[in-house]
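As stored in start21.pdb (PDB, C-alpha atoms):
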```
ATOM      1  CA  MET W   1      13.715   9.623 -19.397  1.00  0.00           C
ATOM      2  CA  TRP W   2      10.562  10.759 -21.152  1.00  0.00           C
ATOM      3  CA  VAL W   3      11.616  14.416 -21.193  1.00  0.00           C
ATOM      4  CA  LEU W   4      15.058  13.413 -22.482  1.00  0.00           C
ATOM      5  CA  GLU W   5      13.475  11.338 -25.255  1.00  0.00           C
ATOM      6  CA  VAL W   6      11.389  14.325 -26.368  1.00  0.00           C
ATOM      7  CA  VAL W   7      14.564  16.451 -26.451  1.00  0.00           C
ATOM      8  CA  ASN W   8      16.460  13.636 -28.185  1.00  0.00           C
ATOM      9  CA  THR W   9      13.755  13.280 -30.840  1.00  0.00           C
ATOM     10  CA  ILE W  10      13.688  17.030 -31.490  1.00  0.00           C
ATOM     11  CA  ASP W  11      17.496  16.930 -31.729  1.00  0.00           C
ATOM     12  CA  SER W  12      17.424  14.086 -34.311  1.00  0.00           C
ATOM     13  CA  ASN W  13      18.718  11.612 -31.711  1.00  0.00           C
ATOM     14  CA  GLY W  14      21.769  13.722 -30.977  1.00  0.00           C
ATOM     15  CA  LEU W  15      21.919  12.416 -27.410  1.00  0.00           C
ATOM     16  CA  ASP W  16      22.425   8.831 -28.588  1.00  0.00           C
ATOM     17  CA  GLY W  17      26.156   9.524 -28.646  1.00  0.00           C
ATOM     18  CA  ASP W  18      26.129  10.138 -24.878  1.00  0.00           C
ATOM     19  CA  GLY W  19      25.938   6.440 -24.047  1.00  0.00           C
ATOM     20  CA  ILE W  20      28.542   3.903 -23.016  1.00  0.00           C
ATOM     21  CA  PHE W  21      31.449   3.529 -25.434  1.00  0.00           C
ATOM     22  CA  ALA W  22      33.431   0.446 -24.488  1.00  0.00           C
ATOM     23  CA  ARG W  23      36.840   1.062 -22.995  1.00  0.00           C
ATOM     24  CA  SER W  24      36.772   4.754 -23.957  1.00  0.00           C
ATOM     25  CA  PHE W  25      37.973   6.812 -21.016  1.00  0.00           C
ATOM     26  CA  GLY W  26      36.726   9.932 -22.784  1.00  0.00           C
ATOM     27  CA  HIS W  27      33.165   8.590 -22.564  1.00  0.00           C
ATOM     28  CA  LEU W  28      33.366   7.004 -19.113  1.00  0.00           C
ATOM     29  CA  TRP W  29      30.658   9.439 -17.931  1.00  0.00           C
ATOM     30  CA  GLY W  30      28.300   7.612 -20.348  1.00  0.00           C
ATOM     31  CA  ILE W  31      27.947   4.932 -17.665  1.00  0.00           C
ATOM     32  CA  LEU W  32      25.804   7.415 -15.721  1.00  0.00           C
ATOM     33  CA  THR W  33      23.898   8.893 -18.680  1.00  0.00           C
ATOM     34  CA  ALA W  34      23.188   5.808 -20.820  1.00  0.00           C
ATOM     35  CA  PRO W  35      20.207   4.471 -18.807  1.00  0.00           C
ATOM     36  CA  PHE W  36      18.324   7.727 -19.335  1.00  0.00           C
ATOM     37  CA  ILE W  37      18.774   7.956 -23.125  1.00  0.00           C
ATOM     38  CA  HIS W  38      16.747   5.860 -25.596  1.00  0.00           C
ATOM     39  CA  ALA W  39      16.897   5.376 -29.352  1.00  0.00           C
ATOM     40  CA  SER W  40      13.144   5.852 -29.844  1.00  0.00           C
ATOM     41  CA  PHE W  41       9.840   6.086 -28.036  1.00  0.00           C
ATOM     42  CA  ALA W  42       9.267   2.374 -28.735  1.00  0.00           C
ATOM     43  CA  HIS W  43      12.581   1.615 -27.007  1.00  0.00           C
ATOM     44  CA  LEU W  44      11.596   3.842 -24.078  1.00  0.00           C
ATOM     45  CA  ILE W  45       8.151   2.241 -23.721  1.00  0.00           C
ATOM     46  CA  SER W  46       9.625  -1.258 -23.780  1.00  0.00           C
ATOM     47  CA  ASN W  47      11.854  -0.289 -20.851  1.00  0.00           C
ATOM     48  CA  THR W  48       9.380   1.880 -18.930  1.00  0.00           C
ATOM     49  CA  ILE W  49       6.755  -0.794 -18.292  1.00  0.00           C
ATOM     50  CA  PRO W  50       9.019  -3.360 -16.574  1.00  0.00           C
ATOM     51  CA  LEU W  51      11.069  -0.586 -14.951  1.00  0.00           C
ATOM     52  CA  VAL W  52       7.990   0.844 -13.239  1.00  0.00           C
ATOM     53  CA  PHE W  53       6.541  -2.585 -12.371  1.00  0.00           C
ATOM     54  CA  MET W  54       9.734  -3.897 -10.771  1.00  0.00           C
ATOM     55  CA  GLY W  55      10.710  -0.505  -9.372  1.00  0.00           C
ATOM     56  CA  VAL W  56       7.452  -0.340  -7.418  1.00  0.00           C
ATOM     57  CA  ILE W  57       8.116  -3.792  -5.959  1.00  0.00           C
ATOM     58  CA  ILE W  58      11.611  -2.754  -4.878  1.00  0.00           C
ATOM     59  CA  ALA W  59      10.265   0.561  -3.525  1.00  0.00           C
ATOM     60  CA  LEU W  60       8.008  -1.384  -1.141  1.00  0.00           C
ATOM     61  CA  GLN W  61      11.172  -1.728   0.943  1.00  0.00           C
ATOM     62  CA  GLY W  62      11.546   2.054   0.862  1.00  0.00           C
ATOM     63  CA  ALA W  63      12.661   4.794  -1.488  1.00  0.00           C
ATOM     64  CA  ALA W  64      16.208   4.533  -0.158  1.00  0.00           C
ATOM     65  CA  ARG W  65      16.347   0.841  -1.105  1.00  0.00           C
ATOM     66  CA  LEU W  66      15.161   1.665  -4.639  1.00  0.00           C
ATOM     67  CA  ALA W  67      17.777   4.426  -4.950  1.00  0.00           C
ATOM     68  CA  ILE W  68      20.582   2.182  -3.682  1.00  0.00           C
ATOM     69  CA  VAL W  69      19.635  -0.746  -5.944  1.00  0.00           C
ATOM     70  CA  THR W  70      19.354   1.625  -8.905  1.00  0.00           C
ATOM     71  CA  GLY W  71      22.734   3.191  -8.148  1.00  0.00           C
ATOM     72  CA  ILE W  72      24.467  -0.167  -7.778  1.00  0.00           C
ATOM     73  CA  VAL W  73      22.938  -1.483 -10.999  1.00  0.00           C
ATOM     74  CA  ILE W  74      23.761   1.649 -13.000  1.00  0.00           C
ATOM     75  CA  VAL W  75      27.367   1.862 -11.821  1.00  0.00           C
ATOM     76  CA  ILE W  76      28.346  -1.828 -11.742  1.00  0.00           C
ATOM     77  CA  GLY W  77      26.234  -2.770 -14.762  1.00  0.00           C
ATOM     78  CA  GLY W  78      27.569   0.236 -16.662  1.00  0.00           C
ATOM     79  CA  LEU W  79      31.190  -0.571 -15.824  1.00  0.00           C
ATOM     80  CA  LEU W  80      30.741  -4.186 -16.912  1.00  0.00           C
ATOM     81  CA  THR W  81      29.059  -3.031 -20.147  1.00  0.00           C
ATOM     82  CA  TRP W  82      31.943  -0.605 -20.683  1.00  0.00           C
ATOM     83  CA  LEU W  83      34.376  -3.520 -20.290  1.00  0.00           C
ATOM     84  CA  ILE W  84      32.715  -6.154 -22.528  1.00  0.00           C
ATOM     85  CA  SER W  85      30.820  -4.292 -25.265  1.00  0.00           C
ATOM     86  CA  PRO W  86      32.240  -3.940 -28.757  1.00  0.00           C
ATOM     87  CA  SER W  87      34.205  -0.750 -29.318  1.00  0.00           C
ATOM     88  CA  GLY W  88      32.841   2.137 -31.349  1.00  0.00           C
ATOM     89  CA  VAL W  89      29.197   1.473 -30.468  1.00  0.00           C
ATOM     90  CA  SER W  90      27.082   3.610 -28.129  1.00  0.00           C
ATOM     91  CA  THR W  91      25.096   1.530 -25.648  1.00  0.00           C
ATOM     92  CA  ILE W  92      22.000   3.382 -24.432  1.00  0.00           C
ATOM     93  CA  GLY W  93      18.738   2.602 -22.676  1.00  0.00           C
ATOM     94  CA  ALA W  94      17.427   1.455 -19.327  1.00  0.00           C
ATOM     95  CA  SER W  95      17.237  -2.229 -20.202  1.00  0.00           C
ATOM     96  CA  GLY W  96      20.386  -2.918 -18.166  1.00  0.00           C
ATOM     97  CA  VAL W  97      18.563  -1.429 -15.176  1.00  0.00           C
ATOM     98  CA  VAL W  98      15.491  -3.547 -15.998  1.00  0.00           C
ATOM     99  CA  PHE W  99      17.661  -6.678 -15.992  1.00  0.00           C
ATOM    100  CA  GLY W 100      19.300  -5.516 -12.766  1.00  0.00           C
ATOM    101  CA  TYR W 101      15.927  -5.026 -11.091  1.00  0.00           C
ATOM    102  CA  ALA W 102      14.719  -8.435 -12.267  1.00  0.00           C
ATOM    103  CA  THR W 103      17.755 -10.338 -11.029  1.00  0.00           C
ATOM    104  CA  TYR W 104      17.774  -8.330  -7.799  1.00  0.00           C
ATOM    105  CA  LEU W 105      14.179  -9.421  -7.172  1.00  0.00           C
ATOM    106  CA  LEU W 106      15.004 -13.015  -8.125  1.00  0.00           C
ATOM    107  CA  ALA W 107      18.170 -13.194  -6.003  1.00  0.00           C
ATOM    108  CA  ARG W 108      17.197 -11.265  -2.868  1.00  0.00           C
ATOM    109  CA  GLY W 109      14.911 -14.068  -1.646  1.00  0.00           C
ATOM    110  CA  PHE W 110      17.861 -16.466  -1.731  1.00  0.00           C
ATOM    111  CA  PHE W 111      20.204 -14.097   0.074  1.00  0.00           C
ATOM    112  CA  ASP W 112      17.575 -13.017   2.633  1.00  0.00           C
ATOM    113  CA  ARG W 113      16.141 -16.548   3.014  1.00  0.00           C
ATOM    114  CA  SER W 114      12.659 -15.107   2.726  1.00  0.00           C
ATOM    115  CA  ALA W 115       9.748 -17.149   1.373  1.00  0.00           C
ATOM    116  CA  LEU W 116       7.814 -13.984   0.477  1.00  0.00           C
ATOM    117  CA  GLU W 117      10.746 -12.538  -1.441  1.00  0.00           C
ATOM    118  CA  LEU W 118      11.305 -15.883  -3.192  1.00  0.00           C
ATOM    119  CA  MET W 119       7.646 -15.877  -4.265  1.00  0.00           C
ATOM    120  CA  THR W 120       7.977 -12.293  -5.492  1.00  0.00           C
ATOM    121  CA  GLY W 121      11.036 -13.298  -7.500  1.00  0.00           C
ATOM    122  CA  LEU W 122       9.164 -16.243  -8.988  1.00  0.00           C
ATOM    123  CA  VAL W 123       6.293 -13.974 -10.058  1.00  0.00           C
ATOM    124  CA  VAL W 124       8.755 -11.559 -11.671  1.00  0.00           C
ATOM    125  CA  GLY W 125      10.438 -14.514 -13.368  1.00  0.00           C
ATOM    126  CA  ALA W 126       7.117 -15.867 -14.613  1.00  0.00           C
ATOM    127  CA  VAL W 127       5.960 -12.497 -15.960  1.00  0.00           C
ATOM    128  CA  TRP W 128       9.225 -11.200 -17.441  1.00  0.00           C
ATOM    129  CA  GLY W 129      11.507 -14.250 -17.572  1.00  0.00           C
ATOM    130  CA  ALA W 130      10.987 -15.281 -21.195  1.00  0.00           C
ATOM    131  CA  VAL W 131      11.440 -11.720 -22.447  1.00  0.00           C
ATOM    132  CA  LEU W 132      14.558 -11.259 -20.350  1.00  0.00           C
ATOM    133  CA  ILE W 133      16.138 -14.521 -21.468  1.00  0.00           C
ATOM    134  CA  ALA W 134      15.272 -13.828 -25.119  1.00  0.00           C
ATOM    135  CA  SER W 135      16.999 -10.444 -24.813  1.00  0.00           C
ATOM    136  CA  LEU W 136      20.277 -12.143 -23.912  1.00  0.00           C
ATOM    137  CA  VAL W 137      20.410 -13.742 -27.363  1.00  0.00           C
ATOM    138  CA  PRO W 138      22.534 -11.521 -29.622  1.00  0.00           C
ATOM    139  CA  HIS W 139      20.583  -9.753 -32.366  1.00  0.00           C
ATOM    140  CA  GLY W 140      20.918  -6.454 -34.222  1.00  0.00           C
ATOM    141  CA  ASN W 141      20.883  -3.158 -32.336  1.00  0.00           C
ATOM    142  CA  VAL W 142      20.322  -4.830 -28.948  1.00  0.00           C
ATOM    143  CA  SER W 143      23.108  -4.819 -26.374  1.00  0.00           C
ATOM    144  CA  TRP W 144      23.079  -8.271 -24.857  1.00  0.00           C
ATOM    145  CA  GLN W 145      26.233  -7.085 -23.068  1.00  0.00           C
ATOM    146  CA  GLY W 146      24.237  -4.354 -21.309  1.00  0.00           C
ATOM    147  CA  HIS W 147      21.502  -6.839 -20.410  1.00  0.00           C
ATOM    148  CA  LEU W 148      23.960  -9.394 -19.027  1.00  0.00           C
ATOM    149  CA  SER W 149      25.921  -6.718 -17.154  1.00  0.00           C
ATOM    150  CA  GLY W 150      22.740  -5.324 -15.608  1.00  0.00           C
ATOM    151  CA  ALA W 151      21.705  -8.833 -14.561  1.00  0.00           C
ATOM    152  CA  ILE W 152      25.054  -9.460 -12.884  1.00  0.00           C
ATOM    153  CA  ALA W 153      24.816  -6.085 -11.140  1.00  0.00           C
ATOM    154  CA  GLY W 154      21.334  -6.965  -9.826  1.00  0.00           C
ATOM    155  CA  VAL W 155      22.646 -10.138  -8.201  1.00  0.00           C
ATOM    156  CA  ILE W 156      25.537  -8.148  -6.701  1.00  0.00           C
ATOM    157  CA  ALA W 157      23.018  -5.595  -5.350  1.00  0.00           C
ATOM    158  CA  ALA W 158      20.958  -8.381  -3.768  1.00  0.00           C
ATOM    159  CA  TYR W 159      24.084  -9.790  -2.151  1.00  0.00           C
ATOM    160  CA  LEU W 160      25.334  -6.416  -0.886  1.00  0.00           C
ATOM    161  CA  LEU W 161      21.910  -5.478   0.521  1.00  0.00           C
ATOM    162  CA  ARG W 162      21.103  -8.854   2.096  1.00  0.00           C
ATOM    163  CA  ARG W 163      19.816  -8.927   5.636  1.00  0.00           C
ATOM    164  CA  GLU W 164      22.360 -10.113   8.132  1.00  0.00           C
ATOM    165  CA  ARG W 165      21.193 -13.162  10.049  1.00  0.00           C
ATOM    166  CA  PRO W 166      22.550 -14.135  13.461  1.00  0.00           C
ATOM    167  CA  ALA W 167      25.012 -16.992  13.315  1.00  0.00           C
ATOM    168  CA  ALA W 168      23.731 -20.420  14.374  1.00  0.00           C
ATOM    169  CA  GLY W 169      23.657 -20.827  18.144  1.00  0.00           C
ATOM    170  CA  THR W 170      23.638 -17.089  18.864  1.00  0.00           C
ATOM    171  CA  GLN W 171      19.877 -16.763  19.296  1.00  0.00           C
ATOM    172  CA  ARG W 172      19.054 -14.636  22.308  1.00  0.00           C
ATOM    173  CA  ARG W 173      17.053 -16.129  25.130  1.00  0.00           C
ATOM    174  CA  ARG W 174      14.150 -14.110  26.485  1.00  0.00           C
ATOM    175  CA  GLY W 175      15.579 -11.599  28.923  1.00  0.00           C
ATOM    176  CA  ALA W 176      19.197 -12.417  28.028  1.00  0.00           C
ATOM    177  CA  ASP W 177      19.908  -8.769  27.258  1.00  0.00           C
ATOM    178  CA  THR W 178      18.093  -7.500  30.351  1.00  0.00           C
ATOM    179  CA  PRO W 179      20.208  -6.524  33.383  1.00  0.00           C
ATOM    180  CA  ALA W 180      20.059  -9.213  36.109  1.00  0.00           C
ATOM    181  CA  GLY W 181      18.363  -6.963  38.666  1.00  0.00           C
ATOM    182  CA  ALA W 182      15.638  -5.846  36.252  1.00  0.00           C
ATOM    183  CA  LEU W 183      13.951  -9.265  36.212  1.00  0.00           C
ATOM    184  CA  ALA W 184      13.488  -9.305  39.968  1.00  0.00           C
ATOM    185  CA  LYS W 185      11.496  -6.084  40.020  1.00  0.00           C
TER     186      LYS W 185
END
```
Take the structure in the file and write it out as C-alpha coordinates.
Amino acid sequence: MWVLEVVNTIDSNGLDGDGIFARSFGHLWGILTAPFIHASFAHLISNTIPLVFMGVIIALQGAARLAIVTGIVIVIGGLLTWLISPSGVSTIGASGVVFGYATYLLARGFFDRSALELMTGLVVGAVWGAVLIASLVPHGNVSWQGHLSGAIAGVIAAYLLRRERPAAGTQRRRGADTPAGALAK
(Lines of atoms letter the chains of each structure in order from A and count residues from 1; the text may use other names and numbers.)
(Lines give C-alpha, C1' and ligand atoms only; values in the text may rest on other atoms or scores of the structure.)
Protein backbone atom coordinates (compact mmCIF):
# COMPACT_ATOMS: atom_id res chain seq x y z
CA MET A 1 0.00 0.00 0.00
CA TRP A 2 2.85 2.36 0.82
CA VAL A 3 4.64 1.72 -2.48
CA LEU A 4 1.36 2.20 -4.36
CA GLU A 5 0.75 5.50 -2.56
CA VAL A 6 4.19 6.76 -3.59
CA VAL A 7 3.40 5.79 -7.21
CA ASN A 8 -0.08 7.30 -6.90
CA THR A 9 1.31 10.57 -5.55
CA ILE A 10 3.90 10.79 -8.33
CA ASP A 11 1.10 10.07 -10.82
CA SER A 12 -1.10 12.89 -9.42
CA ASN A 13 -3.47 10.34 -7.85
CA GLY A 14 -4.09 8.63 -11.16
CA LEU A 15 -4.73 5.31 -9.42
CA ASP A 16 -7.71 6.72 -7.51
CA GLY A 17 -9.88 5.75 -10.47
CA ASP A 18 -9.04 2.07 -9.92
CA GLY A 19 -11.39 1.73 -6.96
CA ILE A 20 -14.89 0.37 -6.61
CA PHE A 21 -17.47 2.00 -8.87
CA ALA A 22 -20.93 0.93 -7.75
CA ARG A 23 -22.76 -1.43 -10.04
CA SER A 24 -20.25 -0.91 -12.86
CA PHE A 25 -19.36 -4.27 -14.35
CA GLY A 26 -16.49 -2.61 -16.20
CA HIS A 27 -14.87 -1.76 -12.85
CA LEU A 28 -15.75 -4.95 -10.98
CA TRP A 29 -12.01 -5.68 -10.62
CA GLY A 30 -11.86 -2.55 -8.40
CA ILE A 31 -13.19 -4.74 -5.58
CA LEU A 32 -9.73 -6.34 -5.43
CA THR A 33 -7.66 -3.18 -5.99
CA ALA A 34 -9.53 -0.60 -3.88
CA PRO A 35 -8.13 -1.63 -0.46
CA PHE A 36 -4.59 -1.01 -1.67
CA ILE A 37 -5.15 2.49 -3.10
CA HIS A 38 -5.43 5.61 -0.91
CA ALA A 39 -6.27 9.24 -1.63
CA SER A 40 -3.32 10.61 0.37
CA PHE A 41 -0.62 9.68 2.84
CA ALA A 42 -2.87 10.91 5.67
CA HIS A 43 -5.57 8.50 4.48
CA LEU A 44 -3.01 5.68 4.29
CA ILE A 45 -1.64 6.39 7.78
CA SER A 46 -5.13 6.47 9.28
CA ASN A 47 -5.73 2.98 7.88
CA THR A 48 -2.26 1.52 8.46
CA ILE A 49 -2.19 1.87 12.24
CA PRO A 50 -5.40 -0.06 13.02
CA LEU A 51 -4.76 -2.45 10.12
CA VAL A 52 -1.39 -3.48 11.56
CA PHE A 53 -2.66 -3.56 15.17
CA MET A 54 -5.67 -5.76 14.41
CA GLY A 55 -3.85 -7.73 11.72
CA VAL A 56 -1.22 -8.80 14.25
CA ILE A 57 -3.94 -9.99 16.63
CA ILE A 58 -5.58 -12.03 13.88
CA ALA A 59 -2.18 -13.36 12.76
CA LEU A 60 -1.68 -14.86 16.23
CA GLN A 61 -3.94 -17.62 14.93
CA GLY A 62 -1.59 -18.07 11.98
CA ALA A 63 -0.72 -16.40 8.70
CA ALA A 64 -3.28 -18.54 6.90
CA ARG A 65 -6.05 -17.26 9.18
CA LEU A 66 -5.01 -13.65 8.47
CA ALA A 67 -4.98 -14.33 4.72
CA ILE A 68 -8.39 -16.00 4.79
CA VAL A 69 -10.00 -13.26 6.91
CA THR A 70 -8.46 -10.61 4.65
CA GLY A 71 -9.69 -12.37 1.52
CA ILE A 72 -13.22 -12.79 2.86
CA VAL A 73 -13.39 -9.16 3.97
CA ILE A 74 -12.01 -7.79 0.69
CA VAL A 75 -14.30 -9.86 -1.52
CA ILE A 76 -17.55 -9.77 0.47
CA GLY A 77 -17.03 -6.23 1.75
CA GLY A 78 -16.08 -5.08 -1.74
CA LEU A 79 -19.13 -6.71 -3.33
CA LEU A 80 -21.44 -5.15 -0.75
CA THR A 81 -19.78 -1.74 -1.30
CA TRP A 82 -20.20 -2.23 -5.05
CA LEU A 83 -23.92 -2.90 -4.48
CA ILE A 84 -24.81 -0.03 -2.09
CA SER A 85 -22.45 2.87 -2.87
CA PRO A 86 -23.59 5.83 -4.95
CA SER A 87 -22.82 5.51 -8.64
CA GLY A 88 -20.06 7.48 -10.31
CA VAL A 89 -17.84 7.63 -7.22
CA SER A 90 -14.60 5.68 -6.75
CA THR A 91 -14.38 4.04 -3.34
CA ILE A 92 -10.76 3.44 -2.31
CA GLY A 93 -8.80 2.67 0.84
CA ALA A 94 -8.31 -0.09 3.37
CA SER A 95 -10.83 1.21 5.89
CA GLY A 96 -13.34 -1.46 4.83
CA VAL A 97 -10.69 -4.04 5.74
CA VAL A 98 -10.07 -2.23 9.04
CA PHE A 99 -13.79 -2.44 9.84
CA GLY A 100 -13.80 -6.08 8.77
CA TYR A 101 -10.89 -6.89 11.06
CA ALA A 102 -12.53 -5.07 13.97
CA THR A 103 -15.88 -6.82 13.65
CA TYR A 104 -14.15 -10.15 13.04
CA LEU A 105 -12.29 -9.72 16.33
CA LEU A 106 -15.48 -8.61 18.10
CA ALA A 107 -17.63 -11.43 16.69
CA ARG A 108 -15.26 -14.42 16.76
CA GLY A 109 -15.46 -14.70 20.56
CA PHE A 110 -19.23 -15.09 20.30
CA PHE A 111 -19.06 -17.68 17.55
CA ASP A 112 -16.17 -19.60 19.16
CA ARG A 113 -17.57 -19.20 22.71
CA SER A 114 -14.12 -18.21 23.90
CA ALA A 115 -13.62 -15.94 26.91
CA LEU A 116 -10.14 -14.95 25.71
CA GLU A 117 -11.42 -14.01 22.27
CA LEU A 118 -14.33 -12.09 23.82
CA MET A 119 -11.84 -10.14 25.95
CA THR A 120 -9.71 -9.44 22.87
CA GLY A 121 -12.79 -8.18 21.06
CA LEU A 122 -13.67 -5.94 24.00
CA VAL A 123 -10.16 -4.44 24.00
CA VAL A 124 -10.40 -3.79 20.26
CA GLY A 125 -13.83 -2.25 20.81
CA ALA A 126 -12.55 -0.06 23.64
CA VAL A 127 -9.52 1.15 21.66
CA TRP A 128 -11.10 1.60 18.22
CA GLY A 129 -14.85 1.49 18.85
CA ALA A 130 -15.58 5.22 18.99
CA VAL A 131 -13.56 5.91 15.85
CA LEU A 132 -15.23 3.05 14.01
CA ILE A 133 -18.74 4.09 15.00
CA ALA A 134 -18.03 7.74 14.14
CA SER A 135 -16.87 6.63 10.69
CA LEU A 136 -20.29 5.12 9.97
CA VAL A 137 -21.86 8.59 10.13
CA PRO A 138 -22.06 9.97 6.59
CA HIS A 139 -19.73 12.90 5.91
CA GLY A 140 -17.87 14.23 2.87
CA ASN A 141 -15.35 12.05 1.04
CA VAL A 142 -15.76 9.13 3.47
CA SER A 143 -17.46 5.95 2.29
CA TRP A 144 -19.68 4.89 5.14
CA GLN A 145 -20.91 2.24 2.69
CA GLY A 146 -17.40 0.74 2.51
CA HIS A 147 -17.09 0.85 6.30
CA LEU A 148 -20.47 -0.81 6.85
CA SER A 149 -19.80 -3.41 4.15
CA GLY A 150 -16.41 -4.24 5.64
CA ALA A 151 -18.01 -4.59 9.08
CA ILE A 152 -20.65 -6.98 7.75
CA ALA A 153 -17.94 -8.98 5.96
CA GLY A 154 -15.94 -9.26 9.21
CA VAL A 155 -18.91 -10.80 11.02
CA ILE A 156 -19.42 -13.19 8.09
CA ALA A 157 -15.71 -14.14 8.28
CA ALA A 158 -16.02 -14.83 12.01
CA TYR A 159 -19.05 -17.01 11.37
CA LEU A 160 -17.46 -18.92 8.48
CA LEU A 161 -14.22 -19.52 10.43
CA ARG A 162 -15.83 -20.44 13.76
CA ARG A 163 -14.60 -23.51 15.56
CA GLU A 164 -16.97 -26.42 15.37
CA ARG A 165 -18.06 -27.62 18.79
CA PRO A 166 -19.34 -31.14 19.46
CA ALA A 167 -23.09 -31.30 19.83
CA ALA A 168 -24.45 -31.61 23.38
CA GLY A 169 -24.28 -35.16 24.68
CA THR A 170 -21.59 -36.27 22.22
CA GLN A 171 -18.65 -35.77 24.57
CA ARG A 172 -16.27 -38.70 24.38
CA ARG A 173 -15.59 -40.73 27.47
CA ARG A 174 -11.98 -41.53 28.29
CA GLY A 175 -10.99 -44.51 26.20
CA ALA A 176 -14.22 -44.48 24.17
CA ASP A 177 -12.27 -44.33 20.92
CA THR A 178 -9.77 -46.98 22.01
CA PRO A 179 -10.27 -50.54 20.70
CA ALA A 180 -11.75 -52.82 23.40
CA GLY A 181 -8.71 -55.10 23.58
CA ALA A 182 -6.25 -52.22 23.96
CA LEU A 183 -7.43 -51.37 27.48
CA ALA A 184 -6.74 -54.86 28.77
CA LYS A 185 -3.08 -54.76 27.81
> Pick from W:Arg163, W:Arg108, W:Pro35, W:Leu122: nearest to His147 (chain W), with all atoms listed in the file counted?
Replying inline: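 Of W:Arg163, W:Arg108, W:Pro35, W:Leu122, the one nearest His147 (chain W), counting all atoms listed in the file, is W:Pro35.
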> Can you list, as a PyMOL selection string, every protein, DNA or RNA residue that comes within 12 Å of Gly17 (chain W) when you count all atoms listed in the file, leaving out same-chain residues fewer than 4 positions away?
Replying inline: chain W and resi 8+11-13+21+27+29-30+33-34+37-39+88-93
>> Take the PyMOL selection byres ((chain W and resi 112) around 10), run it mentally on this structure, and tell me the resulting residues as a count of residues only.
In response: 17
>> the PyMOL selection byres ((chain W and resi 67-80) around 7) - which residues does that actually catch in the file I just gave you? List them as a list in words.
In response: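 Selected by the PyMOL selection byres ((chain W and resi 67-80) around 7) here: Ile31, Leu32, Ala63, Ala64, Arg65, Leu66, Thr81, Trp82, Leu83, Ile84, Gly96, Val97, Gly100, Ser149, Gly150, Ala153, Gly154 and Ala157 of chain W.
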>> Would you compute the distance between CA of Ser40 (chain W) and CA of Glu5 (chain W)? Give it in Å to one decimal.
In response: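 CA of Glu5 (chain W) lies at a distance of 7.2 Å from CA of Ser40 (chain W).
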> Applied to this file, what does the PyMOL selection byres ((chain W and resi 126-128) around 12) return in terms of residues, put as number ranges by chain?
Replying inline: W: 46-47, 49-51, 53-54, 98-99, 101-103, 105-106, 119-125, 129-135
> Using all atoms listed in the file, which of the listed residues (W:Tyr104, W:Ala59, W:Pro86, W:Leu28) sits closest to Val142 (chain W)?
Replying inline: W:Pro86
Need the axis-aligned box for region 87-98 of chain W with 8 Å each side, so what are the centre and edges in Å to one decimal, as lines of an AutoDock Vina configuration file?
```
center_x = 24.8
center_y = 0.0
center_z = -23.3
size_x = 34.7
size_y = 23.2
size_z = 32.2
```
>> So the first atom is CA of Ala22 (chain W) and the second is CA of Ser87 (chain W); what is the distance between them in Å, to one decimal place?
In response: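 Straight-line distance from CA of Ala22 (chain W) to CA of Ser87 (chain W) works out to 5.0 Å.
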> CA of Ile58 (chain W) and CA of Leu116 (chain W) are how many Å apart?
Replying inline: 13.0 Å
